[in-house]
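Chemist: For reference, the file coords.cif (mmCIF, C-alpha atoms) is included below:
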```cif
data_upload
loop_
_atom_site.label_atom_id
_atom_site.label_comp_id
_atom_site.auth_asym_id
_atom_site.auth_seq_id
_atom_site.Cartn_x
_atom_site.Cartn_y
_atom_site.Cartn_z
CA MET A 1 11.26 6.47 40.46
CA THR A 2 13.60 9.27 41.51
CA MET A 3 12.34 12.20 43.54
CA THR A 4 12.48 14.47 40.48
CA GLN A 5 10.27 12.26 38.32
CA THR A 6 6.51 12.47 38.58
CA PRO A 7 4.30 9.69 37.16
CA PRO A 8 3.49 11.77 34.04
CA GLU A 9 7.21 12.43 33.49
CA MET A 10 8.01 8.73 33.76
CA ALA A 11 5.19 7.90 31.36
CA ALA A 12 6.73 10.34 28.88
CA ILE A 13 10.16 8.76 29.35
CA LYS A 14 8.69 5.31 28.73
CA ALA A 15 6.90 6.51 25.59
CA LYS A 16 10.13 8.03 24.28
CA MET A 17 12.04 4.85 25.11
CA LYS A 18 9.53 2.73 23.22
CA ALA A 19 9.78 5.03 20.20
CA THR A 20 13.57 4.91 20.39
CA TRP A 21 13.79 1.13 20.29
CA GLU A 22 11.20 0.98 17.53
CA ALA A 23 13.27 3.36 15.40
CA GLY A 24 15.60 1.93 12.78
CA ASP A 25 15.74 -1.86 12.73
CA PHE A 26 17.40 -3.36 15.79
CA GLY A 27 17.20 -6.80 14.22
CA MET A 28 20.01 -5.73 11.87
CA ILE A 29 22.19 -4.78 14.84
CA ALA A 30 21.26 -7.92 16.77
CA LYS A 31 22.75 -10.09 14.03
CA THR A 32 26.25 -9.00 15.09
CA ILE A 33 25.78 -10.42 18.61
CA GLU A 34 23.97 -13.65 17.68
CA PRO A 35 27.11 -15.76 18.28
CA ALA A 36 27.48 -14.31 21.79
CA ALA A 37 23.81 -15.06 22.47
CA GLU A 38 24.25 -18.67 21.35
CA GLU A 39 27.23 -19.09 23.67
CA PHE A 40 25.37 -17.44 26.53
CA ILE A 41 22.46 -19.88 26.25
CA GLU A 42 24.80 -22.86 25.82
CA ARG A 43 26.50 -22.05 29.14
CA LEU A 44 23.14 -22.21 30.93
CA LYS A 45 22.73 -25.91 30.07
CA LEU A 46 18.97 -25.64 29.67
CA THR A 47 16.99 -28.86 29.72
CA PRO A 48 13.74 -29.58 27.82
CA GLY A 49 10.70 -28.16 29.57
CA THR A 50 12.61 -25.45 31.46
CA ARG A 51 10.44 -22.34 31.76
CA VAL A 52 12.48 -19.42 30.43
CA LEU A 53 11.62 -15.71 30.36
CA ASP A 54 13.69 -13.49 28.06
CA VAL A 55 13.29 -9.90 29.29
CA ALA A 56 13.79 -7.12 26.71
CA CYS A 57 14.09 -9.93 24.18
CA GLY A 58 14.51 -7.77 21.08
CA SER A 59 14.34 -9.89 17.95
CA GLY A 60 14.83 -13.12 19.91
CA ASN A 61 18.61 -13.62 20.14
CA LEU A 62 18.29 -15.55 23.41
CA SER A 63 14.75 -16.83 22.98
CA ILE A 64 15.34 -18.73 19.74
CA PRO A 65 18.38 -20.78 20.86
CA ALA A 66 16.68 -21.48 24.20
CA ALA A 67 13.58 -22.77 22.40
CA LYS A 68 15.76 -24.93 20.15
CA ARG A 69 16.99 -26.65 23.31
CA GLY A 70 13.43 -27.57 24.25
CA ALA A 71 12.81 -24.81 26.78
CA LYS A 72 9.33 -23.33 27.17
CA VAL A 73 10.21 -19.77 26.22
CA VAL A 74 8.40 -16.48 26.70
CA GLY A 75 10.01 -13.29 25.43
CA VAL A 76 8.87 -9.80 26.36
CA ASP A 77 9.86 -6.42 24.93
CA ILE A 78 8.59 -2.84 25.00
CA ALA A 79 9.02 -2.40 21.22
CA THR A 80 6.07 -3.64 19.17
CA ASN A 81 8.08 -4.15 15.99
CA LEU A 82 10.74 -6.20 17.77
CA VAL A 83 8.10 -8.48 19.28
CA GLU A 84 6.74 -8.99 15.76
CA GLN A 85 10.25 -9.70 14.46
CA ALA A 86 10.81 -12.28 17.18
CA ARG A 87 7.53 -14.03 16.37
CA ALA A 88 8.38 -14.12 12.67
CA ARG A 89 11.87 -15.40 13.38
CA ALA A 90 10.59 -18.20 15.62
CA LYS A 91 8.14 -19.25 12.93
CA ALA A 92 10.80 -19.16 10.22
CA GLU A 93 13.18 -21.26 12.33
CA GLY A 94 10.47 -23.74 13.30
CA VAL A 95 10.57 -23.28 17.07
CA GLU A 96 7.82 -22.67 19.60
CA ALA A 97 8.12 -19.53 21.69
CA ARG A 98 5.66 -16.91 22.86
CA PHE A 99 6.41 -13.22 22.57
CA ASP A 100 4.56 -10.51 24.48
CA GLU A 101 4.70 -6.74 24.44
CA GLY A 102 5.45 -5.50 27.92
CA ASP A 103 7.53 -3.37 30.28
CA ALA A 104 10.58 -4.80 32.09
CA GLU A 105 9.60 -2.71 35.09
CA LYS A 106 6.12 -4.22 35.25
CA LEU A 107 6.33 -7.75 33.92
CA PRO A 108 2.90 -9.28 33.16
CA TYR A 109 3.71 -12.60 34.83
CA ARG A 110 3.05 -14.35 38.14
CA ASP A 111 5.48 -14.50 41.05
CA GLY A 112 7.92 -17.38 40.57
CA GLU A 113 6.51 -18.32 37.16
CA PHE A 114 9.88 -19.05 35.52
CA ASP A 115 12.79 -21.39 36.20
CA VAL A 116 15.26 -19.16 34.36
CA VAL A 117 15.06 -15.42 33.64
CA VAL A 118 17.52 -14.04 31.10
CA SER A 119 18.37 -10.73 29.46
CA MET A 120 21.19 -9.82 27.10
CA PHE A 121 21.93 -6.12 26.63
CA GLY A 122 18.25 -5.49 27.32
CA VAL A 123 16.99 -4.93 30.86
CA MET A 124 20.04 -2.74 31.47
CA PHE A 125 18.25 0.03 29.55
CA ALA A 126 15.20 0.19 31.85
CA PRO A 127 15.07 3.72 33.33
CA ARG A 128 14.52 2.54 36.94
CA PRO A 129 17.09 -0.22 37.51
CA ASP A 130 15.98 -1.05 41.05
CA VAL A 131 12.41 -1.58 39.86
CA ALA A 132 13.57 -3.74 36.96
CA ALA A 133 15.87 -5.77 39.23
CA ALA A 134 13.01 -6.44 41.65
CA GLU A 135 10.85 -7.65 38.78
CA LEU A 136 13.54 -10.08 37.59
CA VAL A 137 13.67 -11.57 41.07
CA ARG A 138 9.89 -11.62 41.51
CA VAL A 139 9.10 -13.70 38.42
CA CYS A 140 11.92 -16.20 39.05
CA LYS A 141 11.07 -19.23 41.16
CA SER A 142 12.87 -20.01 44.41
CA GLY A 143 16.06 -21.84 43.47
CA GLY A 144 15.84 -20.57 39.89
CA THR A 145 18.43 -18.68 37.87
CA ILE A 146 18.65 -15.07 36.69
CA ALA A 147 21.27 -14.72 33.95
CA LEU A 148 22.24 -11.33 32.51
CA ALA A 149 24.72 -10.05 29.96
CA ASN A 150 25.44 -6.34 30.44
CA TRP A 151 27.98 -4.21 28.60
CA SER A 152 30.91 -3.62 30.95
CA THR A 153 31.83 -0.14 32.13
CA THR A 154 35.10 -0.25 30.18
CA SER A 155 33.66 -1.75 27.01
CA PHE A 156 33.53 -0.32 23.52
CA ALA A 157 29.74 -0.05 23.91
CA ALA A 158 30.15 2.02 27.08
CA GLU A 159 32.38 4.46 25.21
CA MET A 160 29.85 4.70 22.39
CA PHE A 161 27.01 5.44 24.83
CA LYS A 162 29.11 8.11 26.55
CA ILE A 163 29.79 9.82 23.23
CA VAL A 164 26.11 9.86 22.30
CA SER A 165 25.12 11.14 25.77
CA ALA A 166 27.65 13.97 25.48
CA HIS A 167 25.93 15.17 22.29
CA VAL A 168 22.34 14.36 23.30
CA PRO A 169 22.00 14.28 27.11
CA PRO A 170 19.56 11.71 28.52
CA PRO A 171 16.62 12.73 30.73
CA PRO A 172 17.76 13.97 34.17
CA GLY A 173 17.58 11.51 37.04
CA ILE A 174 17.98 8.37 34.92
CA PRO A 175 21.03 6.31 35.96
CA PRO A 176 23.43 5.45 33.12
CA SER A 177 22.54 2.05 31.67
CA ILE A 178 26.21 1.09 31.73
CA GLN A 179 26.08 0.89 35.54
CA TRP A 180 24.67 -2.61 35.00
CA GLY A 181 28.21 -3.51 33.92
CA ASP A 182 29.62 -2.58 37.34
CA GLU A 183 29.85 -5.63 39.61
CA ALA A 184 29.50 -3.63 42.83
CA ILE A 185 26.34 -1.88 41.62
CA VAL A 186 24.79 -5.14 40.40
CA ARG A 187 25.43 -6.65 43.84
CA GLN A 188 23.44 -3.80 45.37
CA ARG A 189 20.59 -4.13 42.89
CA LEU A 190 20.29 -7.88 43.32
CA ALA A 191 20.93 -7.98 47.06
CA LYS A 192 17.36 -8.86 48.00
CA GLY A 193 16.05 -12.36 47.32
CA ILE A 194 19.29 -13.73 45.86
CA ALA A 195 21.14 -16.63 47.50
CA ASP A 196 24.22 -16.69 45.27
CA LEU A 197 25.68 -14.21 42.79
CA ARG A 198 28.55 -14.84 40.37
CA PHE A 199 30.23 -12.74 37.71
CA ALA A 200 32.43 -13.30 34.69
CA LYS A 201 33.93 -10.83 32.22
CA ARG A 202 33.59 -12.09 28.65
CA THR A 203 34.59 -10.67 25.28
CA ARG A 204 33.17 -11.46 21.84
CA MET A 205 34.53 -10.02 18.62
CA VAL A 206 32.04 -7.96 16.62
CA THR A 207 32.79 -7.62 12.92
CA PHE A 208 31.47 -5.61 10.00
CA PRO A 209 32.47 -6.06 6.33
CA PHE A 210 33.12 -2.33 5.93
CA GLY A 211 35.15 0.43 7.54
CA PRO A 212 34.43 2.56 10.63
CA ALA A 213 32.75 5.39 8.69
CA GLU A 214 30.26 2.94 7.20
CA VAL A 215 29.72 1.33 10.61
CA VAL A 216 28.63 4.71 11.99
CA GLU A 217 26.14 5.05 9.14
CA HIS A 218 24.97 1.48 9.78
CA PHE A 219 24.21 2.33 13.42
CA LYS A 220 22.61 5.62 12.43
CA LYS A 221 20.24 3.75 10.13
CA TYR A 222 19.45 0.68 12.24
CA PHE A 223 20.25 1.24 15.94
CA GLY A 224 17.37 3.09 17.58
CA PRO A 225 19.34 5.11 20.17
CA THR A 226 21.87 6.26 17.57
CA ASN A 227 19.14 6.91 15.02
CA ARG A 228 17.20 9.12 17.44
CA ALA A 229 20.34 10.91 18.62
CA PHE A 230 21.18 12.01 15.07
CA ALA A 231 17.55 13.04 14.52
CA ALA A 232 17.71 15.31 17.57
CA LEU A 233 20.66 17.30 16.22
CA ASP A 234 21.05 19.96 13.55
CA GLU A 235 23.48 19.53 10.66
CA SER A 236 26.54 20.71 12.54
CA GLY A 237 25.60 18.65 15.58
CA GLN A 238 25.23 15.55 13.44
CA ALA A 239 28.63 16.16 11.87
CA ALA A 240 30.24 16.44 15.32
CA LEU A 241 28.54 13.27 16.57
CA ARG A 242 29.51 11.38 13.41
CA LYS A 243 33.15 12.48 13.80
CA ASP A 244 33.37 11.37 17.44
CA LEU A 245 31.72 8.01 16.78
CA GLU A 246 33.93 7.34 13.78
CA GLN A 247 37.05 8.19 15.80
CA ASN A 248 35.93 5.73 18.48
CA TRP A 249 35.36 2.91 16.00
CA THR A 250 38.68 3.69 14.29
CA ALA A 251 40.64 3.75 17.56
CA ARG A 252 39.20 0.38 18.65
CA ASN A 253 39.33 -1.29 15.24
CA LEU A 254 41.56 -4.36 15.18
CA ALA A 255 41.15 -5.00 11.44
CA ARG A 256 43.61 -3.67 8.89
CA ASP A 257 41.89 -4.78 5.69
CA GLY A 258 39.21 -2.13 5.29
CA THR A 259 36.72 -3.96 7.52
CA THR A 260 35.89 -3.32 11.18
CA GLN A 261 36.47 -5.63 14.13
CA VAL A 262 36.18 -4.64 17.77
CA GLY A 263 36.24 -6.56 21.02
CA ALA A 264 32.88 -6.33 22.79
CA GLU A 265 33.37 -6.90 26.52
CA TYR A 266 30.43 -7.62 28.78
CA LEU A 267 29.70 -8.65 32.35
CA GLU A 268 27.92 -11.97 32.69
CA VAL A 269 25.79 -12.16 35.84
CA ILE A 270 24.49 -15.48 37.19
CA ALA A 271 22.19 -15.13 40.19
CA LYS A 272 20.49 -17.91 42.12
CA ARG A 273 17.10 -17.01 43.55
CA GLY A 274 16.78 -17.57 47.27
#
```
Represent the structure of the file as structure tokens.
Modeler:
Amino acid sequence: MTMTQTPPEMAAIKAKMKATWEAGDFGMIAKTIEPAAEEFIERLKLTPGTRVLDVACGSGNLSIPAAKRGAKVVGVDIATNLVEQARARAKAEGVEARFDEGDAEKLPYRDGEFDVVVSMFGVMFAPRPDVAAAELVRVCKSGGTIALANWSTTSFAAEMFKIVSAHVPPPPGIPPSIQWGDEAIVRQRLAKGIADLRFAKRTRMVTFPFGPAEVVEHFKKYFGPTNRAFAALDESGQAALRKDLEQNWTARNLARDGTTQVGAEYLEVIAKRG
């Protein structure tokens, strides 16, 4: 917690964060990154019986493919509706996985309980990154693996977050989530308790069957942070935010057929617990 944040202030930030991720329907956004999640899990070469914790699991993009490979999976997320979505998805796909509601900064699990701890575009949004990083290390067994996918600092996602923050500033004292995409900063955050740390920049194409203007409306409807940002603005503020977001999608769009396709770059972090 920073010096400017009292416990009541942090509790309010956490409550707002929970409400933000419960807004809209993140499951609809998560569909666009399912292929990247499948590839991420495939690279981990999980074996049956491996104990896996998916932190900030959302609707289960990592949990489901891990469970399909025979891993004993637990997913945890702060958003009640996303935990429910993940449970329903696991049931529909016929896999066994447990999903809990919980805080990435105070994981309800024992020290060293998991062989592999993963998070894709999830734990990076915790308001106190050092606390969250320590929790990732704590619940991972000695010799285990912590694997993260974080939007890179030069990614399309980073630009989108910057635009939203310019229109609706985040609470003071909270480090930008995109710092998790900076290799040097991640090294600092995972310096304690880690024996080996490796990085790789990866890019996955994200596509939508409609143009940039419709993509902005799609995010406004379904993506909690964008949904809440629009809700915080008056009519003119919403128009300005919409214009800037649409310009960003248009500038990055690789498609020329009325659809939208952008390259989504992220930093893959593979840490070995000491």
Chemist: May I ask which of the residues A:Val168, A:Leu46, A:Ala134, A:Phe161 is the closest one to Phe223 of chain A, counting all atoms listed in the file?
Modeler: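 Selected residue with least distance to Phe223 of chain A: A:Phe161.
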Chemist: Provide the atom CA of Ser119 of chain A to atom CA of Ala251 of chain A distance in Å, to one decimal place.
Modeler: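 Pair atom CA of Ser119 of chain A / atom CA of Ala251 of chain A returns 29.1 Å.
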Chemist: Specify as a PyMOL selection string each residue included when the PyMOL selection byres ((chain A and resi 103) around 10) is applied to this file.
Modeler: chain A and resi 14+18+55-56+76-79+100-102+104-108+123+126+132
Chemist: Tell me which residues the PyMOL selection byres ((chain A and resi 38) around 10) grabs here, as a list of chain:residue names.
Modeler: A:Ile33, A:Glu34, A:Pro35, A:Ala36, A:Ala37, A:Glu39, A:Phe40, A:Ile41, A:Glu42, A:Arg43, A:Asn61, A:Leu62, A:Ser63, A:Ile64, A:Pro65, A:Ala66
Chemist: Suppose a student applies the PyMOL selection byres ((chain A and resi 184) around 12) to this structure; what residues should they get, written as a list in words?
Modeler: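 On the file shown, the PyMOL selection byres ((chain A and resi 184) around 12) covers Ser152, Thr153, Gln179, Trp180, Gly181, Asp182, Glu183, Ile185, Val186, Arg187, Gln188, Arg189, Leu190, Ala191, Leu197, Arg198, Phe199, Leu267 and Val269 of chain A.
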Chemist: Expressed in Å to a single decimal, how great is the separation between atom CA of Pro129 of chain A and atom CA of Val73 of chain A?
Modeler: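 Calculated distance between atom CA of Pro129 of chain A and atom CA of Val73 of chain A is 23.6 Å.
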Chemist: Identify which of the residues A:Glu235, A:Glu268, A:Ala200, A:Arg110 lies closest to Leu136 of chain A, counting all atoms listed in the file when measuring atom-to-atom distances.
Modeler: A:Arg110
Chemist: With a distance cut-off of 8 Å and all atoms listed in the file, select the neighbouring residues of Val118 of chain A, excluding the residue or stretch itself and same-chain residues fewer than 2 positions from it, and output the selection as a PyMOL selection string.
Modeler: chain A and resi 52-55+62+116+120+146-148
Chemist: Write the residues you've just listed into a file as a PDB file, in the frame of the given file, and include C-alpha atoms for each of them.
Modeler:
```pdb
ATOM      1  CA  VAL A  52      12.480 -19.420  30.430  1.00  0.00           C
ATOM      2  CA  LEU A  53      11.620 -15.710  30.360  1.00  0.00           C
ATOM      3  CA  ASP A  54      13.690 -13.490  28.060  1.00  0.00           C
ATOM      4  CA  VAL A  55      13.290  -9.900  29.290  1.00  0.00           C
ATOM      5  CA  LEU A  62      18.290 -15.550  23.410  1.00  0.00           C
ATOM      6  CA  VAL A 116      15.260 -19.160  34.360  1.00  0.00           C
ATOM      7  CA  MET A 120      21.190  -9.820  27.100  1.00  0.00           C
ATOM      8  CA  ILE A 146      18.650 -15.070  36.690  1.00  0.00           C
ATOM      9  CA  ALA A 147      21.270 -14.720  33.950  1.00  0.00           C
ATOM     10  CA  LEU A 148      22.240 -11.330  32.510  1.00  0.00           C
TER      11      LEU A 148
END
```
Chemist: Show me, as a short mmCIF file (atom, residue, chain, number, x, y, z; two decimals) with C-alpha atoms, in the frame of the given file, the residues that have an atom within 12 Å of Trp249 of chain A when counting all atoms listed in the file, minus same-chain residues fewer than 5 positions from it.
Modeler:
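Wrote it out as result_16.cif, contents follow:
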```
data_model
loop_
_atom_site.label_atom_id
_atom_site.label_comp_id
_atom_site.auth_asym_id
_atom_site.auth_seq_id
_atom_site.Cartn_x
_atom_site.Cartn_y
_atom_site.Cartn_z
CA PHE A 156 33.53 -0.32 23.52
CA ALA A 157 29.74 -0.05 23.91
CA GLU A 159 32.38 4.46 25.21
CA MET A 160 29.85 4.70 22.39
CA ILE A 163 29.79 9.82 23.23
CA VAL A 206 32.04 -7.96 16.62
CA THR A 207 32.79 -7.62 12.92
CA PHE A 208 31.47 -5.61 10.00
CA PHE A 210 33.12 -2.33 5.93
CA GLY A 211 35.15 0.43 7.54
CA PRO A 212 34.43 2.56 10.63
CA ALA A 213 32.75 5.39 8.69
CA GLU A 214 30.26 2.94 7.20
CA VAL A 215 29.72 1.33 10.61
CA VAL A 216 28.63 4.71 11.99
CA GLU A 217 26.14 5.05 9.14
CA PHE A 219 24.21 2.33 13.42
CA ARG A 242 29.51 11.38 13.41
CA LYS A 243 33.15 12.48 13.80
CA ASP A 244 33.37 11.37 17.44
CA LEU A 254 41.56 -4.36 15.18
CA ALA A 255 41.15 -5.00 11.44
CA THR A 259 36.72 -3.96 7.52
CA THR A 260 35.89 -3.32 11.18
CA GLN A 261 36.47 -5.63 14.13
CA VAL A 262 36.18 -4.64 17.77
CA GLY A 263 36.24 -6.56 21.02
CA ALA A 264 32.88 -6.33 22.79
#
```
Chemist: From the list A:Lys91, A:Arg98, A:His167, A:His218, which residue is nearest Ala232 of chain A when using all atoms listed in the file?
Modeler: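 Under the stated criterion, the closest residue is A:His167.
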Chemist: What are the centre and edge lengths in Å, to one decimal, of the axis-aligned box around all listed atoms of segment 195-211 of chain A with 4 Å added on each side, as AutoDock Vina command-line options?
Modeler:
```
--center_x 28.1 --center_y -8.1 --center_z 26.7 --size_x 22.0 --size_y 25.1 --size_z 49.6
```
Chemist: Which residue out of A:Lys16, A:Arg69, A:Lys272, A:Arg87 has the minimum interatomic distance to Asp196 of chain A when only C-alpha atoms are used?
Modeler: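 Comparing A:Lys16, A:Arg69, A:Lys272, A:Arg87 against Asp196 of chain A, the winner is A:Lys272.
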Chemist: Have a look at atom CA of Gly58 of chain A and atom CA of Gly173 of chain A and let me know their distance in Å, one decimal.
Modeler: 25.2 Å
Chemist: Using only C-alpha atoms, can you tell me which of A:Ala229, A:Ile194, A:Ala23, A:Ala149 comes closest to Pro170 of chain A?
Modeler: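 Looking at the shortest contact to Pro170 of chain A, the residue is A:Ala229.
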Chemist: I need the residue nearest Gly60 of chain A from this list: A:Leu44, A:Met10, A:Val137, A:Leu82. Use all atoms listed in the file for the distance.
Modeler: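 Result for the nearest residue to Gly60 of chain A: A:Leu82.
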Chemist: Report as a ChimeraX atom specification all protein, DNA and RNA residues lying within 10 Å of Thr47 of chain A, evaluated on only C-alpha atoms, omitting residues in the same chain fewer than 2 positions from it.
Modeler: /A:44-45,49-51,66,69-72
